[in-house]
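As stored in protein-v3.cif (mmCIF, C-alpha atoms and all ligand atoms):
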```cif
data_run
loop_
_atom_site.label_atom_id
_atom_site.label_comp_id
_atom_site.auth_asym_id
_atom_site.auth_seq_id
_atom_site.Cartn_x
_atom_site.Cartn_y
_atom_site.Cartn_z
CA MET A 1 135.27 87.24 155.18
CA ARG A 2 135.58 88.28 151.58
CA TYR A 3 133.12 87.94 148.70
CA VAL A 4 131.80 89.76 145.71
CA ILE A 5 128.22 90.64 144.78
CA LYS A 6 128.34 90.05 141.02
CA ASN A 7 126.45 91.74 138.20
CA GLY A 8 123.69 93.40 140.21
CA SER A 9 121.91 96.58 139.19
CA VAL A 10 123.25 98.79 141.95
CA VAL A 11 121.11 101.67 143.20
CA PHE A 12 123.38 104.70 143.73
CA LYS A 13 122.29 108.22 144.68
CA ASP A 14 122.57 109.41 141.10
CA GLY A 15 121.31 106.39 139.19
CA VAL A 16 121.30 102.65 138.73
CA ARG A 17 124.39 100.99 137.22
CA ASN A 18 125.40 97.43 136.63
CA CYS A 19 128.48 96.62 138.69
CA ASP A 20 130.12 94.41 141.28
CA ILE A 21 130.60 95.07 144.98
CA LEU A 22 133.54 93.61 146.88
CA VAL A 23 132.76 93.00 150.55
CA GLU A 24 135.63 92.49 152.96
CA ASP A 25 135.59 92.45 156.78
CA GLY A 26 132.12 93.92 157.00
CA ARG A 27 132.83 96.83 154.68
CA ILE A 28 132.46 97.64 151.03
CA ALA A 29 136.06 97.33 149.85
CA ALA A 30 135.43 98.22 146.21
CA VAL A 31 132.66 99.05 143.77
CA GLY A 32 133.24 98.58 140.05
CA GLU A 33 133.34 96.26 137.08
CA GLY A 34 135.11 92.93 136.87
CA LEU A 35 135.70 92.49 140.60
CA ASP A 36 136.38 88.95 141.77
CA ALA A 37 136.78 86.95 144.97
CA GLU A 38 136.79 83.30 146.02
CA LYS A 39 133.10 83.55 146.94
CA ALA A 40 130.34 85.31 145.05
CA ILE A 41 126.67 86.18 145.31
CA ASP A 42 125.13 86.10 141.86
CA ALA A 43 122.97 89.24 141.63
CA GLU A 44 122.32 89.00 137.91
CA GLY A 45 118.80 90.33 137.32
CA LEU A 46 118.56 91.63 140.89
CA HIS A 47 118.72 95.17 142.33
CA VAL A 48 121.20 96.04 145.03
CA PHE A 49 120.12 98.74 147.49
CA PRO A 50 121.84 100.38 150.44
CA GLY A 51 120.56 98.46 153.49
CA LEU A 52 117.01 99.55 154.26
CA ILE A 53 116.47 101.42 157.52
CA ASP A 54 113.17 101.66 159.38
CA MET A 55 113.29 104.43 161.95
CA HIS A 56 109.87 103.65 163.44
CA VAL A 57 109.04 100.14 164.62
CA HIS A 58 107.55 98.54 167.73
CA LEU A 59 109.42 95.43 168.87
CA ARG A 60 107.31 95.12 172.07
CA GLU A 61 110.10 93.75 174.27
CA PRO A 62 110.25 94.14 177.22
CA GLY A 63 106.76 93.39 178.40
CA PHE A 64 104.59 92.57 175.40
CA GLU A 65 106.41 89.53 174.04
CA GLY A 66 103.07 87.94 173.12
CA LYS A 67 102.83 90.53 170.34
CA GLU A 68 106.49 90.52 169.27
CA ASP A 69 109.96 90.29 170.77
CA ILE A 70 113.37 91.49 169.72
CA GLU A 71 114.17 88.16 168.09
CA SER A 72 110.91 87.71 166.14
CA GLY A 73 110.91 91.40 165.21
CA SER A 74 114.51 91.23 164.00
CA ARG A 75 113.78 88.11 161.95
CA ALA A 76 110.81 89.87 160.39
CA ALA A 77 112.92 92.98 159.79
CA VAL A 78 115.67 91.19 157.85
CA ALA A 79 113.02 89.29 155.88
CA GLY A 80 111.62 92.71 154.98
CA GLY A 81 115.06 93.85 153.81
CA PHE A 82 115.86 95.99 156.84
CA THR A 83 119.40 96.22 158.14
CA GLN A 84 118.61 98.75 160.88
CA VAL A 85 115.44 99.39 162.85
CA CYS A 86 114.72 101.98 165.54
CA CYS A 87 112.32 100.72 168.19
CA MET A 88 109.77 102.83 169.97
CA PRO A 89 109.69 102.98 173.77
CA ASN A 90 106.03 102.06 174.48
CA THR A 91 107.04 98.79 176.08
CA ASN A 92 106.42 97.56 179.62
CA PRO A 93 108.32 98.97 181.40
CA VAL A 94 108.49 101.98 179.11
CA CYS A 95 111.98 102.62 177.76
CA ASP A 96 112.39 105.78 179.83
CA ASN A 97 115.73 105.01 181.44
CA ALA A 98 119.23 103.75 180.64
CA VAL A 99 118.59 100.25 182.01
CA VAL A 100 115.92 99.47 179.41
CA VAL A 101 118.05 101.00 176.63
CA THR A 102 120.94 98.76 177.69
CA TYR A 103 118.66 95.71 177.91
CA ILE A 104 117.35 96.22 174.36
CA LEU A 105 120.86 96.65 172.99
CA SER A 106 122.12 93.52 174.73
CA ARG A 107 119.15 91.41 173.53
CA ALA A 108 119.68 92.70 169.99
CA LYS A 109 123.34 91.77 170.19
CA GLU A 110 122.47 88.21 171.25
CA VAL A 111 119.89 87.94 168.46
CA ASN A 112 122.52 89.28 166.06
CA LEU A 113 120.36 89.91 162.99
CA CYS A 114 119.68 93.56 162.14
CA LYS A 115 120.96 96.60 164.02
CA VAL A 116 118.41 97.59 166.65
CA ARG A 117 118.53 101.22 167.77
CA PRO A 118 116.47 102.02 170.85
CA ILE A 119 114.40 105.18 171.06
CA GLY A 120 113.90 106.47 174.60
CA SER A 121 110.68 108.04 175.78
CA ILE A 122 110.28 111.79 176.18
CA THR A 123 108.46 111.54 179.49
CA LYS A 124 108.54 109.03 182.33
CA GLY A 125 106.16 106.19 181.54
CA GLU A 126 105.04 108.13 178.44
CA LYS A 127 102.66 109.86 180.85
CA GLY A 128 103.42 113.33 179.52
CA GLU A 129 104.14 114.72 182.96
CA GLU A 130 107.82 114.53 183.80
CA LEU A 131 110.87 114.31 181.53
CA ALA A 132 112.55 110.91 181.22
CA GLU A 133 116.29 110.43 181.84
CA ILE A 134 117.22 111.81 178.44
CA GLY A 135 120.95 112.32 179.04
CA LYS A 136 121.45 108.90 180.60
CA MET A 137 119.52 107.22 177.79
CA ALA A 138 121.65 109.07 175.22
CA ALA A 139 124.80 107.88 176.98
CA ALA A 140 123.45 104.31 176.98
CA GLY A 141 122.86 104.38 173.22
CA ALA A 142 119.37 105.74 172.56
CA VAL A 143 119.26 107.35 169.11
CA ALA A 144 116.20 109.61 169.60
CA ILE A 145 113.35 110.29 171.99
CA SER A 146 109.62 109.90 171.42
CA ASP A 147 106.38 109.29 173.33
CA ASP A 148 105.08 107.52 170.24
CA GLY A 149 101.57 106.21 170.61
CA ARG A 150 100.65 109.53 172.22
CA SER A 151 101.37 113.21 171.91
CA VAL A 152 103.11 115.15 174.65
CA MET A 153 100.09 117.30 175.39
CA ASP A 154 101.88 119.82 177.63
CA SER A 155 103.66 122.25 175.31
CA LYS A 156 106.09 123.37 177.99
CA ILE A 157 107.24 119.80 178.58
CA MET A 158 107.69 119.33 174.82
CA ARG A 159 109.76 122.52 174.69
CA LEU A 160 111.99 121.33 177.53
CA ALA A 161 112.32 117.90 175.89
CA MET A 162 113.43 119.43 172.63
CA GLU A 163 116.01 121.59 174.40
CA TYR A 164 117.36 118.72 176.48
CA ALA A 165 117.43 116.30 173.59
CA ASP A 166 119.20 118.79 171.37
CA GLY A 167 121.84 119.25 174.07
CA PHE A 168 122.57 115.52 173.84
CA GLY A 169 122.43 115.44 170.05
CA LEU A 170 119.12 113.56 169.92
CA LYS A 171 116.02 114.41 167.93
CA CYS A 172 112.44 114.40 169.21
CA LEU A 173 110.14 112.24 167.11
CA ALA A 174 106.65 113.60 167.57
CA HIS A 175 103.50 111.48 167.48
CA CYS A 176 100.94 114.13 166.57
CA GLU A 177 97.38 113.70 167.83
CA ASP A 178 95.66 116.12 170.21
CA GLU A 179 94.19 113.67 172.72
CA ASN A 180 91.27 115.92 173.71
CA LEU A 181 90.26 116.34 170.11
CA VAL A 182 90.68 112.63 169.27
CA ASP A 183 88.38 111.97 172.23
CA GLY A 184 88.19 108.24 171.66
CA GLY A 185 87.93 108.41 167.88
CA VAL A 186 89.00 105.18 166.18
CA VAL A 187 88.75 105.98 162.45
CA ASN A 188 88.98 109.11 160.33
CA GLU A 189 86.07 111.51 160.81
CA GLY A 190 84.24 111.59 157.50
CA LEU A 191 81.82 109.64 155.36
CA SER A 192 83.16 106.26 156.51
CA SER A 193 82.78 107.11 160.20
CA THR A 194 79.22 108.25 159.50
CA ILE A 195 78.33 105.12 157.53
CA THR A 196 79.81 102.72 160.06
CA GLY A 197 78.85 104.60 163.18
CA LEU A 198 82.44 104.28 164.37
CA LYS A 199 83.69 107.31 166.27
CA GLY A 200 85.71 109.61 164.06
CA SER A 201 88.95 111.48 164.69
CA ILE A 202 89.21 114.78 162.85
CA ARG A 203 92.25 115.77 160.75
CA ALA A 204 92.68 118.84 162.94
CA ALA A 205 93.64 116.61 165.88
CA GLU A 206 96.79 115.68 163.97
CA ASP A 207 97.35 119.05 162.29
CA ILE A 208 97.19 121.05 165.53
CA MET A 209 100.02 119.02 167.00
CA ILE A 210 102.07 119.18 163.79
CA ALA A 211 101.63 122.96 163.86
CA ARG A 212 102.71 123.10 167.50
CA GLU A 213 105.85 121.04 166.92
CA ILE A 214 106.73 123.27 163.98
CA ALA A 215 106.15 126.38 166.10
CA LEU A 216 108.41 125.04 168.86
CA SER A 217 111.08 124.02 166.37
CA GLU A 218 110.95 127.39 164.65
CA SER A 219 111.03 129.46 167.86
CA LEU A 220 113.81 127.41 169.43
CA GLY A 221 115.82 126.76 166.28
CA ILE A 222 115.89 123.05 167.23
CA PRO A 223 115.07 120.27 164.75
CA VAL A 224 111.97 118.14 165.17
CA HIS A 225 110.73 115.06 163.32
CA ILE A 226 107.02 114.43 162.68
CA CYS A 227 105.91 110.78 162.89
CA HIS A 228 103.56 109.00 160.48
CA VAL A 229 101.89 111.96 158.75
CA SER A 230 98.44 111.05 157.44
CA THR A 231 96.70 114.31 156.46
CA TYR A 232 97.00 116.44 153.32
CA SER A 233 96.68 119.50 155.56
CA GLY A 234 99.51 118.39 157.86
CA ILE A 235 101.67 117.94 154.80
CA GLU A 236 100.92 121.54 153.78
CA LEU A 237 102.06 122.73 157.22
CA ILE A 238 105.34 120.84 156.83
CA ARG A 239 105.81 122.05 153.26
CA SER A 240 105.45 125.71 154.18
CA ALA A 241 107.63 125.31 157.31
CA LYS A 242 110.40 123.73 155.24
CA ALA A 243 110.11 126.54 152.68
CA ARG A 244 110.95 129.11 155.34
CA GLY A 245 113.84 127.07 156.70
CA VAL A 246 112.36 125.37 159.75
CA LYS A 247 114.39 122.27 160.65
CA VAL A 248 111.47 119.89 160.40
CA THR A 249 111.63 116.40 158.92
CA ALA A 250 108.76 113.95 158.55
CA GLU A 251 107.78 110.39 157.69
CA SER A 252 104.80 108.45 156.48
CA CYS A 253 103.92 104.77 156.06
CA PRO A 254 102.74 102.52 153.20
CA HIS A 255 99.19 102.27 154.59
CA TYR A 256 98.78 106.02 154.22
CA PHE A 257 99.74 106.05 150.53
CA TRP A 258 97.92 102.81 149.68
CA LEU A 259 94.61 102.94 151.50
CA THR A 260 91.60 105.18 152.10
CA ASP A 261 89.13 104.96 154.95
CA ASP A 262 86.71 103.05 152.73
CA VAL A 263 88.55 100.00 154.09
CA VAL A 264 87.09 100.45 157.57
CA ARG A 265 83.57 99.87 156.26
CA GLY A 266 84.08 96.11 156.51
CA PHE A 267 84.91 96.53 160.23
CA ASP A 268 88.23 94.71 159.73
CA THR A 269 90.19 95.65 162.84
CA ASP A 270 93.46 95.24 160.92
CA THR A 271 92.58 98.62 159.35
CA LYS A 272 92.58 100.29 162.78
CA VAL A 273 95.69 102.40 163.20
CA ASN A 274 96.83 105.62 164.82
CA PRO A 275 96.61 108.13 163.21
CA PRO A 276 93.72 106.70 161.17
CA ILE A 277 93.72 105.94 157.46
CA ARG A 278 92.13 108.97 155.84
CA GLU A 279 90.63 109.90 152.47
CA GLU A 280 91.73 109.84 148.83
CA ARG A 281 92.89 113.45 148.97
CA ASP A 282 95.20 112.55 151.86
CA ARG A 283 96.42 109.36 150.22
CA GLN A 284 97.41 111.25 147.10
CA ALA A 285 99.05 114.02 149.14
CA VAL A 286 101.20 111.49 151.04
CA ALA A 287 102.39 109.88 147.79
CA ALA A 288 103.11 113.27 146.22
CA ALA A 289 104.94 114.52 149.33
CA LEU A 290 107.14 111.41 149.39
CA SER A 291 107.87 112.10 145.76
CA ASP A 292 108.77 115.80 146.18
CA GLY A 293 110.60 115.34 149.51
CA THR A 294 108.17 117.23 151.77
CA LEU A 295 108.02 113.87 153.53
CA ASP A 296 111.61 112.72 154.01
CA CYS A 297 111.22 109.04 154.62
CA ILE A 298 109.09 105.92 154.58
CA VAL A 299 108.73 104.07 157.87
CA THR A 300 106.51 101.12 158.73
CA ASP A 301 105.26 102.02 162.23
CA HIS A 302 105.42 98.20 162.46
CA ALA A 303 102.86 97.63 165.22
CA PRO A 304 102.42 93.88 165.75
CA HIS A 305 99.46 92.77 167.86
CA SER A 306 98.21 89.34 168.91
CA LYS A 307 94.97 87.84 167.63
CA LYS A 308 93.25 88.46 170.94
CA ASP A 309 94.06 92.19 170.70
CA LYS A 310 92.52 92.38 167.22
CA GLN A 311 89.71 89.79 167.18
CA VAL A 312 87.32 91.98 169.15
CA GLU A 313 84.78 94.65 168.21
CA TYR A 314 86.32 97.51 166.24
CA PRO A 315 86.21 100.14 169.00
CA LEU A 316 87.97 97.76 171.41
CA ALA A 317 90.70 96.52 169.08
CA ALA A 318 94.33 97.61 169.42
CA PHE A 319 95.64 100.25 167.02
CA GLY A 320 98.37 99.18 164.62
CA ILE A 321 99.51 97.40 161.48
CA SER A 322 102.26 94.79 161.23
CA GLY A 323 104.20 96.32 158.38
CA ILE A 324 107.86 95.44 158.34
CA GLU A 325 107.64 92.52 155.90
CA THR A 326 105.59 94.38 153.31
CA SER A 327 106.99 97.91 153.35
CA PHE A 328 109.52 97.47 150.57
CA SER A 329 107.19 95.76 148.10
CA LEU A 330 104.26 98.08 148.89
CA SER A 331 106.51 101.13 148.45
CA TYR A 332 108.14 99.86 145.28
CA THR A 333 104.81 98.83 143.76
CA LYS A 334 102.84 101.98 144.57
CA LEU A 335 105.54 104.63 144.27
CA VAL A 336 108.07 103.39 141.74
CA LYS A 337 106.00 101.19 139.44
CA GLU A 338 103.23 103.78 139.35
CA GLY A 339 105.72 106.53 138.48
CA GLU A 340 105.84 108.70 141.63
CA MET A 341 109.59 108.21 142.04
CA ASP A 342 112.63 106.37 140.70
CA LEU A 343 114.79 103.78 142.43
CA PRO A 344 117.44 106.20 143.78
CA GLN A 345 114.60 108.19 145.37
CA LEU A 346 113.15 105.04 146.91
CA ALA A 347 116.60 104.27 148.37
CA GLU A 348 116.77 107.84 149.69
CA ARG A 349 113.37 107.52 151.42
CA MET A 350 113.99 104.03 152.83
CA SER A 351 117.68 104.22 153.69
CA ALA A 352 119.68 107.44 153.26
CA ALA A 353 117.11 109.82 154.79
CA PRO A 354 116.54 107.92 158.03
CA ALA A 355 120.31 107.40 158.36
CA ARG A 356 120.84 111.13 158.02
CA ILE A 357 117.93 112.24 160.22
CA LEU A 358 119.12 110.12 163.15
CA GLY A 359 122.86 110.15 162.41
CA ILE A 360 123.06 106.36 162.65
CA GLY A 361 125.27 105.61 159.62
CA GLY A 362 124.48 103.64 156.49
CA GLY A 363 122.33 104.73 153.58
CA GLU A 364 124.81 104.57 150.73
CA ILE A 365 126.67 102.05 148.61
CA LYS A 366 130.20 103.33 148.22
CA GLU A 367 133.76 102.24 148.82
CA GLY A 368 134.60 102.26 152.53
CA ALA A 369 130.98 102.19 153.71
CA VAL A 370 129.70 99.60 156.15
CA ALA A 371 128.41 96.62 154.12
CA ASP A 372 124.71 96.97 154.96
CA ILE A 373 123.06 95.88 151.72
CA THR A 374 119.58 94.79 150.60
CA ILE A 375 119.17 92.77 147.41
CA ALA A 376 115.73 92.53 145.80
CA ASP A 377 114.09 90.90 142.82
CA LEU A 378 111.90 93.69 141.48
CA ALA A 379 110.29 91.50 138.83
CA ALA A 380 109.02 88.98 141.38
CA LYS A 381 105.30 89.28 141.96
CA TYR A 382 103.50 87.84 144.96
CA VAL A 383 100.28 88.13 146.94
CA ILE A 384 100.59 89.32 150.55
CA ASP A 385 99.39 86.87 153.20
CA GLY A 386 99.61 88.10 156.80
CA GLU A 387 99.32 84.56 158.12
CA LYS A 388 102.70 83.80 156.53
CA PHE A 389 104.50 86.66 158.28
CA ILE A 390 107.57 85.83 160.33
CA SER A 391 106.51 88.56 162.77
CA LYS A 392 104.23 87.41 165.58
CA GLY A 393 101.89 90.18 164.42
CA LYS A 394 99.77 88.87 161.54
CA ASN A 395 97.68 92.05 161.59
CA THR A 396 97.79 93.48 158.09
CA PRO A 397 95.04 94.98 155.95
CA PHE A 398 97.06 93.97 152.86
CA THR A 399 96.33 90.25 152.74
CA GLY A 400 95.32 89.50 149.15
CA THR A 401 97.15 92.51 147.72
CA GLU A 402 99.38 91.72 144.75
CA VAL A 403 102.78 93.42 144.89
CA TYR A 404 106.14 93.40 143.15
CA GLY A 405 109.59 93.30 144.71
CA ARG A 406 110.80 90.36 146.74
CA ILE A 407 113.70 90.64 149.17
CA VAL A 408 116.34 88.08 148.20
CA TYR A 409 119.26 88.90 150.53
CA THR A 410 119.67 91.15 153.57
CA ILE A 411 123.29 91.75 154.48
CA VAL A 412 124.35 93.40 157.74
CA ASP A 413 128.01 94.31 158.35
CA GLY A 414 128.88 92.02 155.45
CA GLN A 415 127.06 89.01 156.93
CA ILE A 416 124.08 87.44 155.18
CA LYS A 417 121.25 87.66 157.72
CA TYR A 418 118.46 86.69 155.35
CA ALA A 419 118.42 84.72 152.13
CA ALA A 420 115.04 84.05 150.53
CA GLY A 421 113.91 80.47 150.72
CA ARG A 422 116.70 79.47 153.06
O1 LIG B 1 98.61 102.40 165.41
C1 LIG B 1 99.53 102.61 166.17
N1 LIG B 1 100.04 101.61 166.92
N2 LIG B 1 100.01 103.83 166.30
C2 LIG B 1 100.91 104.17 167.24
O2 LIG B 1 101.32 105.30 167.28
C3 LIG B 1 101.37 103.17 168.22
C4 LIG B 1 101.22 101.80 167.68
C5 LIG B 1 101.36 100.71 168.69
O3 LIG B 1 102.23 100.82 169.57
O4 LIG B 1 100.65 99.72 168.60
ZN ZN B 2 102.91 106.82 166.55
#
```
Show how you would write the structure in this file as structure tokens.
Amino acid sequence: MRYVIKNGSVVFKDGVRNCDILVEDGRIAAVGEGLDAEKAIDAEGLHVFPGLIDMHVHLREPGFEGKEDIESGSRAAVAGGFTQVCCMPNTNPVCDNAVVVTYILSRAKEVNLCKVRPIGSITKGEKGEELAEIGKMAAAGAVAISDDGRSVMDSKIMRLAMEYADGFGLKCLAHCEDENLVDGGVVNEGLSSTITGLKGSIRAAEDIMIAREIALSESLGIPVHICHVSTYSGIELIRSAKARGVKVTAESCPHYFWLTDDVVRGFDTDTKVNPPIREERDRQAVAAALSDGTLDCIVTDHAPHSKKDKQVEYPLAAFGISGIETSFSLSYTKLVKEGEMDLPQLAERMSAAPARILGIGGGEIKEGAVADITIADLAAKYVIDGEKFISKGKNTPFTGTEVYGRIVYTIVDGQIKYAAGR
């Protein structure tokens, strides 16, 4: 298969330039001006990004296929512009062994849309008690380990996990919330929790665990990655750790740089997420940290849930936001259009950084690279409607939000896996 992507504005590391991309046998054969082939994609007026990568999604299979499955999640992912996604292990059974890793990879291969990279759990059943089969999962193709959804509360187990994982070349992705301190909190502890009477969760619950992961990483000299950072104070911990050379990387999500906990006052359970949406000071800190690189990447924490999991009283509703179809436009609109960063930086946060952190390839448009490419119309404006999501999870707090940036093509290994309107 051979074709050329003509006249797009191509987002390189060092700037945006108008040029053509020749794709041949799943790779980028050439990048330059005046390239031609028998077939062409007309990208005039469109922007061409390295294929987006989401290193933190929940695809729910096996076990929770009512919320999402590998096929629906992959369809949603390519519609959102993602060429690779890394799926968290809080499935049923938990992905804590090589059999589940192999199952996910084989389902993803059958589905054949985006690349699906399984993340194994840190502990058996994500119970925090006993290490999972880290070596066997690595051999089967897991790209990281995480007990996402919960913290590993026992520091000694987390230390052992980091040492084992490092031995197999895997990183630990740490969900940071001290469970004792959260103590059933469902929203941020502050004015909104007081007004609503909903139980609050204090920033310190997150910060304490971020500090612990940094301390372990620093003492052991082993890298660690902090999941979905939501607090200004946690960001300061990461900033100072990075300044003294600790090998810590971190991510945040669009809901943390778009929203404040005012949104919970309407008791809309689609605003319920772990860690909780916090205050304006935190929102601004997340945006600024994504701009200055204290936060390395944007992930969705795509957490699809069924209606019955969300259409209940706030305290009983499931935590999570279905985010994979809105991440690009929310990020482009809030961060690029509002001047926090430029397009090469957006590509760094949504493609190159996750590729580098996990060592999974991709992240750059250059000759010889795998042809994972996302093409977007940045001028296209639309209003988000969760009910129109391809994902089974319609749970978004962004319905009614006007955004810019529509995904037009998602190309994986040179094959068009999504074309808008087709
Ligand atoms: O809100 C969340 N939902 N946060 C998590 O960490 C897990 C996720 C889920 O699995 O639904
Ligand atoms: Zn999490």
Go through the chains and note each residue within 9 Å of ligand ZN 2 (chain B), using all atoms listed in the file, then give the set as an MDAnalysis selection string. chainID A and resid 56 88 146:151 174:177 227:228 274:275 301
What does the distance from atom CA of Asn7 of chain A to atom CA of Ala347 of chain A come to in Å, to one decimal? 18.9 Å
Place a sphere of radius 12 Å on (123.4, 107.1, 140.5) in the file coordinates and name every protein, DNA or RNA residue with an atom inside or on its surface, counting all atoms listed in the file; give the answer as JSON, numbers by chain. {"A": [9, 10, 11, 12, 13, 14, 15, 16, 17, 18, 19, 49, 342, 343, 344, 345, 347, 348, 364, 365, 366]}
Residues just named, written with C-alpha atoms as a PDB file, keeping the file's coordinate frame:
```pdb
ATOM      1  CA  SER A   9     121.910  96.580 139.190  1.00  0.00           C
ATOM      2  CA  VAL A  10     123.250  98.790 141.950  1.00  0.00           C
ATOM      3  CA  VAL A  11     121.110 101.670 143.200  1.00  0.00           C
ATOM      4  CA  PHE A  12     123.380 104.700 143.730  1.00  0.00           C
ATOM      5  CA  LYS A  13     122.290 108.220 144.680  1.00  0.00           C
ATOM      6  CA  ASP A  14     122.570 109.410 141.100  1.00  0.00           C
ATOM      7  CA  GLY A  15     121.310 106.390 139.190  1.00  0.00           C
ATOM      8  CA  VAL A  16     121.300 102.650 138.730  1.00  0.00           C
ATOM      9  CA  ARG A  17     124.390 100.990 137.220  1.00  0.00           C
ATOM     10  CA  ASN A  18     125.400  97.430 136.630  1.00  0.00           C
ATOM     11  CA  CYS A  19     128.480  96.620 138.690  1.00  0.00           C
ATOM     12  CA  PHE A  49     120.120  98.740 147.490  1.00  0.00           C
ATOM     13  CA  ASP A 342     112.630 106.370 140.700  1.00  0.00           C
ATOM     14  CA  LEU A 343     114.790 103.780 142.430  1.00  0.00           C
ATOM     15  CA  PRO A 344     117.440 106.200 143.780  1.00  0.00           C
ATOM     16  CA  GLN A 345     114.600 108.190 145.370  1.00  0.00           C
ATOM     17  CA  ALA A 347     116.600 104.270 148.370  1.00  0.00           C
ATOM     18  CA  GLU A 348     116.770 107.840 149.690  1.00  0.00           C
ATOM     19  CA  GLU A 364     124.810 104.570 150.730  1.00  0.00           C
ATOM     20  CA  ILE A 365     126.670 102.050 148.610  1.00  0.00           C
ATOM     21  CA  LYS A 366     130.200 103.330 148.220  1.00  0.00           C
TER      22      LYS A 366
END
```
Can you list, as an MDAnalysis selection string, every protein, DNA or RNA residue that comes within 6 Å of Ile373 of chain A when you count only C-alpha atoms, leaving out same-chain residues fewer than 5 positions away? chainID A and resid 49:51 411
In Å, with one decimal, what is the gap from atom CA of Ser322 of chain A to atom CA of His302 of chain A? 4.8 Å
Pick from A:Val23, A:Leu131, A:Ala317, A:Cys297 nearest to ligand LIG 1 (chain B), counting only C-alpha atoms and all ligand atoms: A:Ala317
Edge lengths and centre in Å to one decimal, as AutoDock Vina command-line options, is what I'm after for the box along x, y and z that holds all listed atoms of segment 272-289 of chain A once 6 Å is added on each side.
```
--center_x 97.8 --center_y 107.4 --center_z 155.5 --size_x 26.3 --size_y 26.2 --size_z 30.6
```
From A:Gly320, A:Gly245, A:Pro304, A:Gly66, residue lying nearest ligand LIG 1 (chain B) [all atoms listed in the file]: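 Looking only at the distances to ligand LIG 1 (chain B), the closest residue turns out to be A:Gly320.
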I'd like the contact shell of Arg2 of chain A - 7 Å cut-off, all atoms listed in the file, skipping same-chain residues fewer than 4 positions apart - returned as a list in words.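 In the requested format, the answer is Val23, Glu24, Asp25 and Ala37 of chain A.
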Considering all atoms listed in the file, can you say which of A:Val57, A:Leu330, A:Leu316, A:Val116 comes closest to ligand LIG 1 (chain B)?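 Using all atoms listed in the file, the shortest distance to ligand LIG 1 (chain B) belongs to A:Val57.
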Considering all atoms listed in the file, return as a ChimeraX atom specification whatever protein or nucleic-acid residues lie within 9 Å of segment 169-172 of chain A, sequence-local ones (same chain, fewer than 6 positions apart) excluded. /A:122,134,138,142-147,158,161-162,222-226,357-358
To one decimal in Å, tell me the separation between atom CA of Arg278 of chain A and atom CA of Arg203 of chain A. 8.4 Å
Contacts of Glu218 of chain A at 12 Å or less, counting all atoms listed in the file, minus same-chain residues fewer than 2 places along, as a compact mmCIF listing (two decimals) with C-alpha atoms, in the frame of the given file?
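Heads up, here's the output in out35.txt:
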```
# COMPACT_ATOMS: atom_id res chain seq x y z
CA ARG A 159 109.76 122.52 174.69
CA MET A 162 113.43 119.43 172.63
CA ALA A 211 101.63 122.96 163.86
CA ARG A 212 102.71 123.10 167.50
CA GLU A 213 105.85 121.04 166.92
CA ILE A 214 106.73 123.27 163.98
CA ALA A 215 106.15 126.38 166.10
CA LEU A 216 108.41 125.04 168.86
CA LEU A 220 113.81 127.41 169.43
CA GLY A 221 115.82 126.76 166.28
CA ILE A 222 115.89 123.05 167.23
CA PRO A 223 115.07 120.27 164.75
CA VAL A 224 111.97 118.14 165.17
CA ILE A 238 105.34 120.84 156.83
CA SER A 240 105.45 125.71 154.18
CA ALA A 241 107.63 125.31 157.31
CA LYS A 242 110.40 123.73 155.24
CA ARG A 244 110.95 129.11 155.34
CA GLY A 245 113.84 127.07 156.70
CA VAL A 246 112.36 125.37 159.75
CA LYS A 247 114.39 122.27 160.65
CA VAL A 248 111.47 119.89 160.40
```
Show which residues sit within 9 Å of Val101 of chain A, as a PyMOL selection string. Count only C-alpha atoms, and ignore same-chain residues fewer than 6 positions away. chain A and resi 95+117-120+137-138+140-142
My list of candidates is A:Ile277, A:Ala355, A:Val186, A:Ile53. Which is closest to Ala318 of chain A when distances are computed with all atoms listed in the file?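 Smallest distance to Ala318 of chain A is found for A:Val186.
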Proximity to ligand LIG 1 (chain B) - best of A:Leu59, A:Val403, A:Ala108, A:Leu378, all atoms listed in the file: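 Among the listed residues, A:Leu59 lies closest to ligand LIG 1 (chain B).
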Among A:Ala285, A:Leu35, A:Val182, A:Leu46, Ala379 of chain A is approached most closely, using only C-alpha atoms, by A:Leu46
